[in-house]
Amino acid sequence: MEPRNFDGDADRPRSAGATQTGRVLVIGPYLRVRAGSADVQSVTHALRDTEARLDEAAGLARAIDLVIADAIVAPVSQIRPATYIGKGKVEEIAGLIKTLEVELVVMDCALSPIQQRNLEKEWHAKVLDRTGLIVEIFGRRAKTREGSLQVELAHLNYQRSRLVRSWTHLERQRGGFGFMGGPGETQIEADRRLIQERISKLESELKKVQATRRLHRAGRQRVPYRVVALVGYTNAGKSTLFNRLTRADVQAADMLFATLDPTLRALNLPHGGKAMLSDTVGFISNLPTQLVAAFRATLEEVLEADVILHVRDISHEDAEAQQSDVDAVLRQLGINPDDSGRIIEVWNKIDRFDPEQREELLNIAARRPEDHPAMLVSAVSGEGVDALLAAIEQRLAAKRTTLDLSIDAADGAGISWLHRNAEVLSKELHDGRFDMTVRVDETKRDIVVNRFDAVPHLPA
């Protein structure tokens with residue numbers, strides 16, 4: 001195999017695990033869950049099938065075209081401060097690495113810098129943990145300016161605690177203070193300073209991008225379009241559903257983190273209304289906190305959304321655990337995953353079930369509380385999409401007030417204001433006046449009532 005530049009971007013400082021690599025060994029060092037354990041992490045992991053977790057880790061490695069030599073589970077009864085796994089297991093894996101001629105080891109856990117360094121010494125191979133691997137994937141996927149800035153910021157925050165001598169080409173060492181000079185900065189001090197300077201610059205640039213995004217959002221808020229956001233575990237089918245709902249052509253692939261940069265498209269609702277649909281980055285278990293922080297600006301589309309569609313791959317064996325992971329990230333963002341007035345659960349990929357299994361799913365969904373419905377859909381075949389659109393429309397309408405009013409046809413400014421700030425449901429000309437039925441957000445209800453003598457709409 002031709003040597004592959006693992007790092008992705010030649011201009012970026014290299015992460016601790018980035019190297020030219022051929023064959024890769026994926027290791028799942030999963031904690032054995034003790035009976036009656038009250039540890040939250042242990043309980044969460046207990047929801048997951050061990051093989052499914054290992055398959056996901058291997059999928060993450062394949063997402064950046066790494067060649068998997070083998071993938072193994074290494075059960076851990078207690079985390080060792082020096083090497084994470086026990087000494088005997090370290091020696092056993094060292095023999096496997098030599099036999100398989102492995103150049104990179106991916107550990108499906110979060111390693112401390114000391115653990116990573118010690119394992120590299122023992123195994124004579126590069127070691128990359130889950131956080132570093134996800135950062136590398138994000139580096140490959142980012143296409144927009146904002147996405148690139150966010151990835152580099154997360155990359156540097158990760159690298160700051162794993163300093164390697166990779167920054168010396170950027171700036172010479174400075175001399176010490178005082179008349180006689182002195183030894184100057186040590187290499188690690190120079191590296192830390194350069195990284196911190198770059199982080200500060202990136203944060204400043206991201207603030208500018210964030211300000212521009214706020215302006216765009218404010219512009220959308222001046223028109224009657226509401227925002228619907230898609231969230232879900234990576235590879236749950238969000239982008240395929242996005243394409244189905246908006247007739248767009250966003251990349252959709254059977255690959256972890258196929259979509260990274262956010263996308264907005266117009267969504268046509270059943271009765272002629274419109275909304276903006278936002279597709280966001282997929283979530284994953286143990287999503288690094290620095291990535292959540294770095295992508296907070298992007299995820300503001302979710303924070304500002306009127307309706308959130310939580311898309312679930314209901315055919316996945318770890319569907320329940322994936323739901324818990326998504327709920328955890330939503331809570332990190334300050335969103336209550338149990339907010340039934342705002343969140344609609346979408347059970348995707350029902351095309352993978354036979355008729356009997358599908359009937360069972362329908363029965364399960366029917367038994368859910370009315371305020372927590374589940375919409376069964378197939379983004380591939382389109383089954384259930386019409387019902388989902390109707391549910392979105394109903395949820396959006398519940399957040400708005402429908403009013404009737406009569407306005408002089410000569411009042412062009414008033415009519416124009418209504419079209420910009422309200423959803424015009426009907427408009428008929430009678431004796432020089434327009435009789436209109438409009439739907440407005442609660443924030444603009446009093447303005448419409450006071451300015452146009454509007455009254456609540458009474459259904460015919």
# chains A, B, ... in the order shown; residues from 1 in each chain; ligands from 1
>>> residues_around(residues="Leu303 of chain A", least_positions_apart="5", cutoff="9 Å", atoms="only C-alpha atoms", output="PyMOL selection string")
chain A and resi 229+333-335
>>> write_last_selection(atoms="all heavy atoms", output="PDB file, in the first residue's frame")
ATOM      1  N   ALA A 229     -34.655  21.487  12.310  1.00  0.00           N
ATOM      2  CA  ALA A 229     -33.296  20.945  12.309  1.00  0.00           C
ATOM      3  C   ALA A 229     -33.319  19.430  12.452  1.00  0.00           C
ATOM      4  O   ALA A 229     -34.127  18.875  13.201  1.00  0.00           O
ATOM      5  CB  ALA A 229     -32.484  21.560  13.444  1.00  0.00           C
ATOM      6  N   LEU A 333     -25.860  20.946  24.853  1.00  0.00           N
ATOM      7  CA  LEU A 333     -26.178  22.162  24.102  1.00  0.00           C
ATOM      8  C   LEU A 333     -27.258  22.990  24.782  1.00  0.00           C
ATOM      9  O   LEU A 333     -27.600  24.070  24.311  1.00  0.00           O
ATOM     10  CB  LEU A 333     -26.630  21.796  22.680  1.00  0.00           C
ATOM     11  CG  LEU A 333     -25.596  21.120  21.792  1.00  0.00           C
ATOM     12  CD1 LEU A 333     -26.234  20.620  20.507  1.00  0.00           C
ATOM     13  CD2 LEU A 333     -24.447  22.078  21.485  1.00  0.00           C
ATOM     14  N   GLY A 334     -27.804  22.482  25.880  1.00  0.00           N
ATOM     15  CA  GLY A 334     -28.844  23.220  26.587  1.00  0.00           C
ATOM     16  C   GLY A 334     -30.241  22.950  26.070  1.00  0.00           C
ATOM     17  O   GLY A 334     -31.162  23.747  26.287  1.00  0.00           O
ATOM     18  N   ILE A 335     -30.434  21.821  25.377  1.00  0.00           N
ATOM     19  CA  ILE A 335     -31.744  21.455  24.820  1.00  0.00           C
ATOM     20  C   ILE A 335     -32.297  20.274  25.613  1.00  0.00           C
ATOM     21  O   ILE A 335     -31.595  19.282  25.841  1.00  0.00           O
ATOM     22  CB  ILE A 335     -31.623  21.075  23.334  1.00  0.00           C
ATOM     23  CG1 ILE A 335     -31.142  22.282  22.520  1.00  0.00           C
ATOM     24  CG2 ILE A 335     -32.964  20.574  22.792  1.00  0.00           C
ATOM     25  CD1 ILE A 335     -30.788  21.937  21.086  1.00  0.00           C
TER      26      ILE A 335
END
>>> residues_around(residues="Ile97 of chain A", least_positions_apart="4", cutoff="12 Å", atoms="only C-alpha atoms", output="number ranges by chain")
A: 23-27, 69-72, 90-93, 101-106, 119-120, 122-127
>>> residues_around(residues="segment 437-442 of chain A", least_positions_apart="5", cutoff="9 Å", atoms="only C-alpha atoms", output="CSV table (one decimal) with all heavy atoms, in the first residue's frame")
chain,number,residue,atom,x,y,z
A,224,PRO,N,-41.4,34.9,7.2
A,224,PRO,CA,-42.2,34.0,8.0
A,224,PRO,C,-41.7,32.5,8.0
A,224,PRO,O,-42.4,31.7,8.5
A,224,PRO,CB,-43.5,34.0,7.4
A,224,PRO,CG,-43.3,34.4,6.0
A,224,PRO,CD,-42.1,35.3,6.0
A,397,ALA,N,-47.4,25.1,13.4
A,397,ALA,CA,-48.6,25.9,13.5
A,397,ALA,C,-49.0,26.1,14.9
A,397,ALA,O,-49.6,27.1,15.3
A,397,ALA,CB,-49.8,25.2,12.7
A,399,LYS,N,-47.2,26.7,17.3
A,399,LYS,CA,-46.4,27.8,17.9
A,399,LYS,C,-46.7,29.1,17.4
A,399,LYS,O,-46.1,30.1,17.7
A,399,LYS,CB,-44.9,27.5,17.6
A,399,LYS,CG,-44.3,26.3,18.2
A,399,LYS,CD,-42.9,26.0,17.8
A,399,LYS,CE,-42.3,24.8,18.5
A,399,LYS,NZ,-42.0,25.1,19.9
A,400,ARG,N,-47.8,29.2,16.5
A,400,ARG,CA,-48.1,30.5,15.9
A,400,ARG,C,-49.6,30.7,16.0
A,400,ARG,O,-50.4,29.8,16.3
A,400,ARG,CB,-47.7,30.4,14.4
A,400,ARG,CG,-46.3,29.9,14.2
A,400,ARG,CD,-45.9,30.1,12.8
A,400,ARG,NE,-45.3,31.4,12.5
A,400,ARG,CZ,-45.0,31.9,11.3
A,400,ARG,NH1,-45.3,31.2,10.2
A,400,ARG,NH2,-44.5,33.1,11.2
A,401,THR,N,-50.0,31.9,15.8
A,401,THR,CA,-51.4,32.4,16.0
A,401,THR,C,-52.0,32.7,14.6
A,401,THR,O,-51.4,33.4,13.8
A,401,THR,CB,-51.5,33.6,16.9
A,401,THR,OG1,-51.0,33.2,18.2
A,401,THR,CG2,-53.0,34.0,17.1
A,402,THR,N,-53.2,32.2,14.3
A,402,THR,CA,-53.9,32.6,13.1
A,402,THR,C,-54.9,33.7,13.3
A,402,THR,O,-55.7,33.7,14.2
A,402,THR,CB,-54.6,31.3,12.5
A,402,THR,OG1,-53.7,30.3,12.4
A,402,THR,CG2,-55.3,31.7,11.2
A,403,LEU,N,-54.8,34.8,12.5
A,403,LEU,CA,-55.6,36.0,12.7
A,403,LEU,C,-56.3,36.3,11.4
A,403,LEU,O,-55.8,36.1,10.3
A,403,LEU,CB,-54.7,37.1,13.1
A,403,LEU,CG,-53.9,37.0,14.5
A,403,LEU,CD1,-52.9,38.1,14.6
A,403,LEU,CD2,-54.9,36.9,15.6
A,404,ASP,N,-57.5,37.0,11.5
A,404,ASP,CA,-58.2,37.5,10.3
A,404,ASP,C,-58.1,39.0,10.4
A,404,ASP,O,-58.1,39.6,11.5
A,404,ASP,CB,-59.6,37.1,10.4
A,404,ASP,CG,-59.8,35.6,10.1
A,404,ASP,OD1,-59.0,35.1,9.3
A,404,ASP,OD2,-60.8,35.0,10.6
A,405,LEU,N,-57.9,39.7,9.2
A,405,LEU,CA,-57.9,41.1,9.2
A,405,LEU,C,-58.4,41.6,7.9
A,405,LEU,O,-58.4,40.9,6.9
A,405,LEU,CB,-56.5,41.6,9.5
A,405,LEU,CG,-55.4,41.2,8.6
A,405,LEU,CD1,-55.1,42.2,7.5
A,405,LEU,CD2,-54.1,41.0,9.4
A,406,SER,N,-58.7,42.9,7.8
A,406,SER,CA,-59.1,43.6,6.6
A,406,SER,C,-58.2,44.8,6.4
A,406,SER,O,-58.1,45.6,7.4
A,406,SER,CB,-60.6,44.0,6.6
A,406,SER,OG,-60.9,44.7,5.4
A,418,LEU,N,-46.9,42.6,6.1
A,418,LEU,CA,-47.5,41.4,6.4
A,418,LEU,C,-46.9,40.2,5.7
A,418,LEU,O,-46.7,39.1,6.2
A,418,LEU,CB,-49.0,41.4,6.1
A,418,LEU,CG,-49.9,42.2,7.1
A,418,LEU,CD1,-51.3,42.5,6.5
A,418,LEU,CD2,-49.9,41.5,8.5
A,419,HIS,N,-46.6,40.4,4.4
A,419,HIS,CA,-46.0,39.3,3.6
A,419,HIS,C,-44.6,39.0,4.1
A,419,HIS,O,-44.1,37.9,4.0
A,419,HIS,CB,-45.9,39.7,2.1
A,419,HIS,CG,-47.2,39.5,1.4
A,419,HIS,ND1,-47.6,38.2,1.0
A,419,HIS,CD2,-48.2,40.3,1.0
A,419,HIS,CE1,-48.7,38.3,0.3
A,419,HIS,NE2,-49.2,39.5,0.4
A,421,ASN,N,-43.5,39.5,7.3
A,421,ASN,CA,-43.5,39.1,8.8
A,421,ASN,C,-44.5,38.1,9.2
A,421,ASN,O,-44.5,37.7,10.3
A,421,ASN,CB,-43.6,40.4,9.6
A,421,ASN,CG,-42.5,41.3,9.5
A,421,ASN,OD1,-41.5,41.2,10.2
A,421,ASN,ND2,-42.6,42.3,8.6
A,422,ALA,N,-45.4,37.7,8.3
A,422,ALA,CA,-46.4,36.7,8.6
A,422,ALA,C,-46.6,35.7,7.4
A,422,ALA,O,-46.1,36.0,6.3
A,422,ALA,CB,-47.7,37.4,8.9
A,423,GLU,N,-47.2,34.6,7.7
A,423,GLU,CA,-47.5,33.7,6.7
A,423,GLU,C,-48.9,33.9,6.2
A,423,GLU,O,-49.9,33.8,7.0
A,423,GLU,CB,-47.4,32.2,7.2
A,423,GLU,CG,-47.7,31.2,6.2
A,423,GLU,CD,-47.6,29.8,6.8
A,423,GLU,OE1,-47.2,29.7,8.0
A,423,GLU,OE2,-47.9,28.8,6.1
A,424,VAL,N,-49.1,34.4,5.0
A,424,VAL,CA,-50.4,34.8,4.5
A,424,VAL,C,-51.1,33.5,4.0
A,424,VAL,O,-50.7,32.9,3.0
A,424,VAL,CB,-50.3,35.8,3.3
A,424,VAL,CG1,-51.6,36.1,2.8
A,424,VAL,CG2,-49.6,37.1,3.8
A,425,LEU,N,-52.1,33.1,4.7
A,425,LEU,CA,-52.9,31.9,4.3
A,425,LEU,C,-53.9,32.1,3.3
A,425,LEU,O,-54.2,31.2,2.4
A,425,LEU,CB,-53.5,31.3,5.6
A,425,LEU,CG,-52.6,31.0,6.7
A,425,LEU,CD1,-53.3,30.4,7.9
A,425,LEU,CD2,-51.5,29.9,6.3
A,426,SER,N,-54.6,33.3,3.3
A,426,SER,CA,-55.5,33.6,2.2
A,426,SER,C,-55.6,35.1,2.1
A,426,SER,O,-55.3,35.9,3.0
A,426,SER,CB,-56.9,33.1,2.6
A,426,SER,OG,-57.4,33.7,3.7
A,427,LYS,N,-56.0,35.6,0.9
A,427,LYS,CA,-56.1,37.0,0.6
A,427,LYS,C,-57.1,37.2,-0.5
A,427,LYS,O,-56.9,36.7,-1.7
A,427,LYS,CB,-54.6,37.4,0.2
A,427,LYS,CG,-54.5,38.9,-0.2
A,427,LYS,CD,-53.1,39.2,-0.6
A,427,LYS,CE,-52.9,40.6,-1.2
A,427,LYS,NZ,-51.5,40.8,-1.6
A,448,VAL,N,-49.5,42.9,15.0
A,448,VAL,CA,-50.6,42.7,14.0
A,448,VAL,C,-51.9,43.1,14.5
A,448,VAL,O,-52.7,43.7,13.8
A,448,VAL,CB,-50.5,41.2,13.5
A,448,VAL,CG1,-51.7,41.0,12.5
A,448,VAL,CG2,-49.2,40.9,12.8
A,457,HIS,N,-58.7,34.0,14.2
A,457,HIS,CA,-59.4,33.3,13.1
A,457,HIS,C,-60.3,32.3,13.6
A,457,HIS,O,-59.9,31.5,14.5
A,457,HIS,CB,-58.3,32.7,12.2
A,457,HIS,CG,-58.9,31.8,11.1
A,457,HIS,ND1,-59.6,32.4,10.1
A,457,HIS,CD2,-58.9,30.5,11.0
A,457,HIS,CE1,-60.0,31.4,9.3
A,457,HIS,NE2,-59.6,30.2,9.8
>>> residues_around(residues="Arg226 of chain A", least_positions_apart="2", cutoff="7 Å", atoms="only C-alpha atoms", output="number ranges by chain")
A: 224, 228, 275-276, 306
>>> write_last_selection(atoms="all heavy atoms", output="CSV table (one decimal), in the first residue's frame")
chain,number,residue,atom,x,y,z
A,224,PRO,N,-41.4,34.9,7.2
A,224,PRO,CA,-42.2,34.0,8.0
A,224,PRO,C,-41.7,32.5,8.0
A,224,PRO,O,-42.4,31.7,8.5
A,224,PRO,CB,-43.5,34.0,7.4
A,224,PRO,CG,-43.3,34.4,6.0
A,224,PRO,CD,-42.1,35.3,6.0
A,228,VAL,N,-36.5,24.1,10.9
A,228,VAL,CA,-36.6,22.7,11.3
A,228,VAL,C,-35.2,22.1,11.2
A,228,VAL,O,-34.5,22.2,10.2
A,228,VAL,CB,-37.6,21.9,10.5
A,228,VAL,CG1,-37.6,20.4,10.9
A,228,VAL,CG2,-38.9,22.5,10.5
A,275,ALA,N,-40.7,26.2,5.3
A,275,ALA,CA,-39.8,26.3,6.4
A,275,ALA,C,-38.4,26.1,5.9
A,275,ALA,O,-38.2,25.7,4.8
A,275,ALA,CB,-40.2,25.2,7.5
A,276,MET,N,-37.4,26.3,6.8
A,276,MET,CA,-36.0,26.0,6.4
A,276,MET,C,-35.6,24.8,7.1
A,276,MET,O,-35.8,24.6,8.4
A,276,MET,CB,-35.1,27.2,6.8
A,276,MET,CG,-35.4,28.5,6.1
A,276,MET,SD,-35.3,28.4,4.4
A,276,MET,CE,-33.5,28.1,4.2
A,306,ASP,N,-37.2,25.8,15.5
A,306,ASP,CA,-38.5,25.7,16.1
A,306,ASP,C,-38.9,24.3,16.4
A,306,ASP,O,-39.6,24.0,17.3
A,306,ASP,CB,-39.5,26.4,15.2
A,306,ASP,CG,-39.2,27.9,14.9
A,306,ASP,OD1,-39.7,28.7,15.7
A,306,ASP,OD2,-38.5,28.2,14.0
>>> closest_residue(among="A:Ile392, A:Ala82, A:Ala52, A:Ala94", to="Arg117 of chain A", atoms="only C-alpha atoms")
A:Ala82
